[in-house]
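Asker: Here's a structure for you.
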Amino acid sequence: MVKSEEELTWRDLKVGCVITEPGNASVYRTGDWRSLRPVWDKNKCIKCGVCYLFCPDMAIQKTAEGYFEANLYYCKGCGICAQECVTRCITMVEEEE
Amino acid sequence: MGKRVGIEVSLAAAEAVKMADVDVVAAYPITPQTHIVEHLSELVADGELDAEFIPVESEHSAMSVCCGSSAVGARTFTCTSSQGLALMNEIVFIAASLRLPIVMILANRSLSGPLSIWNDHTDVMSIRDCGWIQVFAENGQEVFDHVLFAFRVAEDPEVSLPVMLNIDGFILTHMIEPVEFWEEETVKKYLPEFRPVNRLHPDHPVTMGAFGMPIIFTETKKAQNEALLNSKNVILKAWKEMGDLVGRYYHPVETNRLEGAETVFLTMGSFGETVSIAVDELRAQGKPVGQVRLRLWRPFPFEELREAVKGAKRIIVIDRAISYGGPGGPVASEIRAALYHESNTPVITNFLCGFAGRDVTPDDYIKMYEQTEKMAQGKVKQEDYIIYGVRE
């Protein structure tokens with residue numbers, strides 16, 4: 001069982017803190033940085049994919065119907081998708097606990 | 001026994017790097033380190049040394065190249081001085097935290113300003129806490145021996161840390177001295193092939209230099225500190241084995257005429273030789289004076305220092321850098337800290353001298369001793385530190 005970062009002691013670290021597991025940045029939850037969440041209005045969305053292209057964290061994925069949605073595990077709520085959306089179909093909505 | 005030759009210390013240092021059979025040299029020439037780089041460049045160009053010589057555009061690039069080459073498992077050497085060290089500063093710290101066993105000679109020179117090319121220790125003191133193993137050499141032979149020592153210690157899998165060999169600019173770098181070279185067979189026995197602990201290789205991908213969040217950063221620092229502290233075991237072993245092979249035994253703290261010594265001079269680097277002349281002179285006058293030289297600066301040899309100065313009433317610490325607005329010189333601060341908990345702590349008098357190449361002669365050390373005596377007798381005020389020879 002791999003220890004979580006909270007459980008790691010200094011003795012557990014590899015020499016020089018190298019990371020031996022490629023691509024493990026994908027387990028890093030950046031979604032908890034978010035204060036605003038992107039919400040798509042399907043009536044306005046033309047499925048162009050500009051939001052998908054501009055997302056700096058590759059946190060936007062395509063749904064089976066061809067629309068787009070944010071993967072909230074990674075989405076930081078930066079709002080770039082809403083800024084770039086051609087039809088202004090994305091609204092940034094306040095996250096509420 | 002190896003060949004004994006009269007040679008400039010910089011060239012001897014470069015020859016030692018050649019004998020270590022380095023794979024990569026990345027350096028930018030700067031006075032007074034220049035002859036080391038020049039000679040290595042010649043050795044590579046002449047086909048005497050099979051290595052990549054990378055003539056970088058700055059010291060920042062030099063240390064960056066060294067990190068890259070060391071990370072792929074190449075034996076790596078660089079050298080610099082003063083402003084060059086200042087320019088490579090950020091990567092110097094990174095090399096240590098990445099645990100890359102780079103060897104660097106620092107030809108000690110004053111940091112600007114005023115602009116100066118001459119020797120003191122302000123450059124090395126500016127990066128005291130960079131996490132490298134730091135040793136000081138006193139003469140040409142020590143420089144040659146310690147180049148091989150540096151690779152041996154740095155690359156030991158138990159250590160895997162960069163090593164900085166400090167040699168006084170001009171006083172050592174430009175001096176022609178008799179130096180005994182090692183036999184190639186001896187070097188082979190002493191310095192095994194470099195087998196890196198971690199290595200950048202496409203078949204076994206790793207990430208080096210990832211960021212550390214607050215949740216883990218404290219643990220990374222503790223691990224790094226422990227690594228530097230533990231390197232001492234390997235350092236002692238490497239010195240012992242060198243002694244067994246070439247007959248010269250080195251120690252973290254070297255001592256001279258300490259029997260019955262009430263006052264002890266403490267120096268780092270080439271000034272130790274001048275002090276030894278002053279000590280002989282003072283002993284001839286019947287004064288109970290001895291000498292301690294710090295060879296190992298990081299990890300700091302606390303036990304050896306305490307043992308060496310046990311029984312001393314006064315220590316005259318010679319510093320070649322100033323901590324502006326602080327407690328005097330950086331070496332004296334360390335000595336005071338190391339002895340703080342001892343019973344019968346000796347009185348420490350700190351002389352700051354030899355800034356940017358100003359000569360300090362045996363007579364000067366005798367004057368420092370006499371001034372210290374006057375302070376001890378209460379004839380003049382006991383100062384924490386004195387800038388020796390300054391024109392008031």
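Numbering starts fresh at 1 for the residues of each chain in the structure tokens, the chains themselves are lettered A, B, ... in the order given, and ligands are numbered from 1 as they appear.
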Restrict the distance test to only C-alpha atoms, flag each residue of chain B within 10 Å of chain A, and return the flagged residues as a compact mmCIF listing (two decimals) with N, CA and C atoms, in the first residue's frame.
Answerer:
```
# COMPACT_ATOMS: atom_id res chain seq x y z
N ILE B 94 20.19 23.75 -6.13
CA ILE B 94 19.40 22.69 -6.74
C ILE B 94 20.23 21.41 -6.88
N ALA B 95 21.51 21.57 -7.24
CA ALA B 95 22.39 20.39 -7.39
C ALA B 95 22.42 19.58 -6.11
N ALA B 96 22.45 20.27 -4.97
CA ALA B 96 22.49 19.56 -3.69
C ALA B 96 21.16 18.88 -3.39
N SER B 97 20.05 19.60 -3.62
CA SER B 97 18.77 18.99 -3.27
C SER B 97 18.43 17.84 -4.22
N LEU B 98 18.95 17.89 -5.45
CA LEU B 98 18.75 16.76 -6.36
C LEU B 98 19.74 15.63 -6.07
N ARG B 99 20.66 15.87 -5.16
CA ARG B 99 21.66 14.88 -4.75
C ARG B 99 22.54 14.44 -5.93
N LEU B 100 22.99 15.43 -6.71
CA LEU B 100 23.81 15.14 -7.88
C LEU B 100 25.29 15.27 -7.50
N PRO B 157 27.41 5.85 -3.22
CA PRO B 157 25.94 5.78 -3.17
C PRO B 157 25.36 6.15 -1.81
N GLU B 158 26.16 6.01 -0.76
CA GLU B 158 25.70 6.41 0.57
C GLU B 158 25.63 7.94 0.70
N VAL B 159 26.33 8.64 -0.18
CA VAL B 159 26.42 10.10 -0.09
C VAL B 159 25.59 10.75 -1.19
N SER B 160 26.01 10.55 -2.44
CA SER B 160 25.35 11.16 -3.60
C SER B 160 25.04 12.64 -3.35
N LEU B 161 26.10 13.39 -3.12
CA LEU B 161 25.97 14.83 -2.91
C LEU B 161 27.11 15.54 -3.64
N VAL B 197 22.93 6.74 -8.16
CA VAL B 197 21.78 6.22 -7.42
C VAL B 197 20.52 6.34 -8.28
N ASN B 198 20.36 7.52 -8.86
CA ASN B 198 19.24 7.76 -9.78
C ASN B 198 19.84 8.21 -11.10
N ARG B 199 19.14 7.93 -12.16
CA ARG B 199 19.69 8.27 -13.45
C ARG B 199 18.56 8.55 -14.42
N HIS B 204 14.06 3.69 -18.09
CA HIS B 204 13.56 3.71 -16.71
C HIS B 204 13.25 5.15 -16.32
N PRO B 205 12.14 5.69 -16.85
CA PRO B 205 11.89 7.12 -16.66
C PRO B 205 11.69 7.50 -15.19
N VAL B 206 12.32 8.59 -14.79
CA VAL B 206 12.08 9.18 -13.46
C VAL B 206 11.92 10.69 -13.66
N THR B 207 11.32 11.32 -12.67
CA THR B 207 11.23 12.78 -12.67
C THR B 207 12.17 13.31 -11.62
N MET B 208 13.06 14.23 -12.02
CA MET B 208 13.93 14.90 -11.06
C MET B 208 13.51 16.36 -10.99
N GLY B 209 13.49 16.90 -9.80
CA GLY B 209 13.21 18.32 -9.65
C GLY B 209 11.73 18.66 -9.68
N ALA B 210 10.88 17.72 -9.27
CA ALA B 210 9.45 18.03 -9.15
C ALA B 210 9.25 18.98 -7.97
N PHE B 211 8.10 19.64 -7.93
CA PHE B 211 7.91 20.55 -6.80
C PHE B 211 7.47 19.80 -5.55
N GLY B 212 7.67 20.44 -4.41
CA GLY B 212 7.28 19.84 -3.14
C GLY B 212 6.29 20.74 -2.44
N MET B 213 5.12 20.20 -2.18
CA MET B 213 4.08 20.99 -1.52
C MET B 213 4.43 21.12 -0.03
N ILE B 215 3.08 20.08 2.47
CA ILE B 215 2.84 18.86 3.21
C ILE B 215 4.07 17.94 3.24
N ILE B 216 5.00 18.12 2.27
CA ILE B 216 6.14 17.21 2.17
C ILE B 216 7.48 17.93 2.27
N PHE B 217 7.48 19.27 2.13
CA PHE B 217 8.74 20.01 2.02
C PHE B 217 9.63 19.85 3.26
N THR B 218 9.03 19.90 4.42
CA THR B 218 9.82 19.78 5.66
C THR B 218 10.56 18.45 5.68
N GLU B 219 9.89 17.40 5.24
CA GLU B 219 10.51 16.06 5.22
C GLU B 219 11.67 16.02 4.22
N THR B 220 11.54 16.75 3.10
CA THR B 220 12.64 16.74 2.12
C THR B 220 13.87 17.42 2.71
N LYS B 221 13.66 18.46 3.50
CA LYS B 221 14.80 19.19 4.09
C LYS B 221 15.48 18.34 5.16
N LYS B 222 14.67 17.64 5.96
CA LYS B 222 15.25 16.76 6.98
C LYS B 222 16.08 15.67 6.29
N ALA B 223 15.56 15.10 5.23
CA ALA B 223 16.27 14.04 4.51
C ALA B 223 17.60 14.57 3.95
N GLN B 224 17.56 15.80 3.43
CA GLN B 224 18.78 16.39 2.85
C GLN B 224 19.81 16.66 3.94
N GLU B 226 20.08 15.12 6.84
CA GLU B 226 20.60 13.83 7.31
C GLU B 226 21.65 13.29 6.33
N ALA B 227 21.38 13.46 5.03
CA ALA B 227 22.33 12.96 4.03
C ALA B 227 23.68 13.66 4.18
```
Asker: Enumerate the residues of stretch 2-95 of chain A with a DSSP assignment of helix (DSSP H, G or I), computed from the backbone, and present them as number ranges by chain.
Answerer: A: 10-12, 15-17, 24-27, 31-33, 50-54, 80-84
Asker: Contacts of stretch 108-119 of chain B at 9 Å or less, counting only C-alpha atoms, minus same-chain residues fewer than 5 places along, as an NGL selection string?
Answerer: :B and (31-33 or 80-83 or 86 or 124 or 126 or 166-171 or 320-321 or 354-358)
Asker: State, in Å with one decimal place, the distance from atom CA of B:Pro362 to atom CA of B:Glu281.
Answerer: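 The value is 8.5 Å.
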Asker: With distances taken over only C-alpha atoms, which of B:His35, B:Phe194, B:His146, B:Glu183 is nearest to B:Gly73?
Answerer: B:Phe194
Asker: Extract, using only C-alpha atoms, all DNA, RNA and protein residues at most 12 Å from B:Pro330, discarding same-chain residues fewer than 5 positions from it, and format them as a VMD selection string.
Answerer: chain B and resid 121 to 129 267 to 268 297 317 to 325 335 to 337 350 to 352 385
Asker: Now that the selection is made, can you save its residues with N, CA and C atoms as a PDB file, in the first residue's frame?
Answerer:
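Saved file selection39.pdb follows:
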```pdb
ATOM      1  N   HIS B 121      37.485  34.791   1.352  1.00  0.00           N
ATOM      2  CA  HIS B 121      36.471  33.728   1.428  1.00  0.00           C
ATOM      3  C   HIS B 121      35.045  34.252   1.345  1.00  0.00           C
ATOM      4  N   THR B 122      34.860  35.471   0.834  1.00  0.00           N
ATOM      5  CA  THR B 122      33.486  35.981   0.792  1.00  0.00           C
ATOM      6  C   THR B 122      32.621  35.193  -0.189  1.00  0.00           C
ATOM      7  N   ASP B 123      33.236  34.620  -1.226  1.00  0.00           N
ATOM      8  CA  ASP B 123      32.407  33.867  -2.178  1.00  0.00           C
ATOM      9  C   ASP B 123      31.830  32.604  -1.538  1.00  0.00           C
ATOM     10  N   VAL B 124      32.676  31.803  -0.931  1.00  0.00           N
ATOM     11  CA  VAL B 124      32.172  30.547  -0.348  1.00  0.00           C
ATOM     12  C   VAL B 124      31.215  30.813   0.808  1.00  0.00           C
ATOM     13  N   MET B 125      31.481  31.883   1.585  1.00  0.00           N
ATOM     14  CA  MET B 125      30.604  32.146   2.727  1.00  0.00           C
ATOM     15  C   MET B 125      29.209  32.584   2.288  1.00  0.00           C
ATOM     16  N   SER B 126      29.124  33.117   1.050  1.00  0.00           N
ATOM     17  CA  SER B 126      27.808  33.543   0.570  1.00  0.00           C
ATOM     18  C   SER B 126      26.893  32.354   0.294  1.00  0.00           C
ATOM     19  N   ILE B 127      27.483  31.168   0.129  1.00  0.00           N
ATOM     20  CA  ILE B 127      26.637  29.994  -0.127  1.00  0.00           C
ATOM     21  C   ILE B 127      26.886  28.910   0.916  1.00  0.00           C
ATOM     22  N   ARG B 128      27.192  29.358   2.128  1.00  0.00           N
ATOM     23  CA  ARG B 128      27.486  28.412   3.203  1.00  0.00           C
ATOM     24  C   ARG B 128      26.408  27.331   3.326  1.00  0.00           C
ATOM     25  N   ASP B 129      25.167  27.730   3.178  1.00  0.00           N
ATOM     26  CA  ASP B 129      24.071  26.798   3.445  1.00  0.00           C
ATOM     27  C   ASP B 129      23.481  26.196   2.173  1.00  0.00           C
ATOM     28  N   THR B 267      42.298  28.513  11.512  1.00  0.00           N
ATOM     29  CA  THR B 267      42.199  29.050  10.150  1.00  0.00           C
ATOM     30  C   THR B 267      41.528  28.030   9.229  1.00  0.00           C
ATOM     31  N   MET B 268      41.145  28.514   8.040  1.00  0.00           N
ATOM     32  CA  MET B 268      40.717  27.624   6.958  1.00  0.00           C
ATOM     33  C   MET B 268      41.482  28.043   5.704  1.00  0.00           C
ATOM     34  N   TRP B 297      34.416  21.893   6.214  1.00  0.00           N
ATOM     35  CA  TRP B 297      33.550  23.018   6.617  1.00  0.00           C
ATOM     36  C   TRP B 297      32.094  22.565   6.667  1.00  0.00           C
ATOM     37  N   VAL B 317      40.369  33.154  16.087  1.00  0.00           N
ATOM     38  CA  VAL B 317      39.760  32.669  14.849  1.00  0.00           C
ATOM     39  C   VAL B 317      40.024  33.682  13.740  1.00  0.00           C
ATOM     40  N   ILE B 318      40.610  33.194  12.664  1.00  0.00           N
ATOM     41  CA  ILE B 318      40.900  34.060  11.527  1.00  0.00           C
ATOM     42  C   ILE B 318      39.764  33.918  10.505  1.00  0.00           C
ATOM     43  N   ASP B 319      39.145  35.030  10.199  1.00  0.00           N
ATOM     44  CA  ASP B 319      38.070  35.023   9.211  1.00  0.00           C
ATOM     45  C   ASP B 319      38.479  35.844   8.009  1.00  0.00           C
ATOM     46  N   ARG B 320      38.068  35.389   6.839  1.00  0.00           N
ATOM     47  CA  ARG B 320      38.424  36.097   5.609  1.00  0.00           C
ATOM     48  C   ARG B 320      37.181  36.579   4.889  1.00  0.00           C
ATOM     49  N   ALA B 321      36.152  36.812   5.692  1.00  0.00           N
ATOM     50  CA  ALA B 321      34.900  37.365   5.181  1.00  0.00           C
ATOM     51  C   ALA B 321      34.248  38.070   6.356  1.00  0.00           C
ATOM     52  N   ILE B 322      33.325  38.962   6.048  1.00  0.00           N
ATOM     53  CA  ILE B 322      32.654  39.710   7.120  1.00  0.00           C
ATOM     54  C   ILE B 322      31.153  39.501   6.988  1.00  0.00           C
ATOM     55  N   SER B 323      30.514  39.324   8.120  1.00  0.00           N
ATOM     56  CA  SER B 323      29.050  39.283   8.128  1.00  0.00           C
ATOM     57  C   SER B 323      28.601  40.689   8.484  1.00  0.00           C
ATOM     58  N   TYR B 324      28.280  41.485   7.469  1.00  0.00           N
ATOM     59  CA  TYR B 324      27.983  42.900   7.693  1.00  0.00           C
ATOM     60  C   TYR B 324      26.868  43.069   8.720  1.00  0.00           C
ATOM     61  N   GLY B 325      27.142  43.878   9.701  1.00  0.00           N
ATOM     62  CA  GLY B 325      26.123  44.153  10.707  1.00  0.00           C
ATOM     63  C   GLY B 325      25.850  42.977  11.618  1.00  0.00           C
ATOM     64  N   ILE B 335      32.339  28.606  15.329  1.00  0.00           N
ATOM     65  CA  ILE B 335      33.154  28.090  16.438  1.00  0.00           C
ATOM     66  C   ILE B 335      32.465  28.404  17.762  1.00  0.00           C
ATOM     67  N   ARG B 336      31.950  29.633  17.872  1.00  0.00           N
ATOM     68  CA  ARG B 336      31.240  30.009  19.105  1.00  0.00           C
ATOM     69  C   ARG B 336      30.034  29.097  19.320  1.00  0.00           C
ATOM     70  N   ALA B 337      29.296  28.850  18.243  1.00  0.00           N
ATOM     71  CA  ALA B 337      28.104  27.993  18.356  1.00  0.00           C
ATOM     72  C   ALA B 337      28.509  26.573  18.741  1.00  0.00           C
ATOM     73  N   ASN B 350      38.164  37.165  17.379  1.00  0.00           N
ATOM     74  CA  ASN B 350      37.988  36.983  15.941  1.00  0.00           C
ATOM     75  C   ASN B 350      38.713  38.103  15.197  1.00  0.00           C
ATOM     76  N   PHE B 351      39.721  37.721  14.426  1.00  0.00           N
ATOM     77  CA  PHE B 351      40.407  38.695  13.577  1.00  0.00           C
ATOM     78  C   PHE B 351      39.943  38.519  12.138  1.00  0.00           C
ATOM     79  N   LEU B 352      39.475  39.607  11.546  1.00  0.00           N
ATOM     80  CA  LEU B 352      39.095  39.578  10.133  1.00  0.00           C
ATOM     81  C   LEU B 352      40.268  40.174   9.363  1.00  0.00           C
ATOM     82  N   TYR B 385      35.189  41.089  17.675  1.00  0.00           N
ATOM     83  CA  TYR B 385      35.936  40.933  16.433  1.00  0.00           C
ATOM     84  C   TYR B 385      36.711  42.206  16.119  1.00  0.00           C
TER      85      TYR B 385
END
```
Asker: So how many Å separate atom CA of B:Glu185 and atom CA of B:Phe144, to one decimal?
Answerer: 15.9 Å
Asker: For atom CA of B:Glu273 and atom CA of B:Gln291, determine how far apart the two atoms are, in Å to one decimal place.
Answerer: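 Here the two named atoms are 10.2 Å from each other.
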Asker: Excluding same-chain residues fewer than 5 positions from stretch 39-50 of chain A, what lies within 9 Å of it counting only C-alpha atoms, as a list in words?
Answerer: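 Counting only the stated atoms, we get Cys55, Lys62, Gly66, Tyr67, Phe68, Glu69, Ala70, Cys81, Ala82, Glu84, Cys85, Val86, Thr87, Arg88, Cys89, Ile90, Thr91, Met92 and Val93 of chain A.
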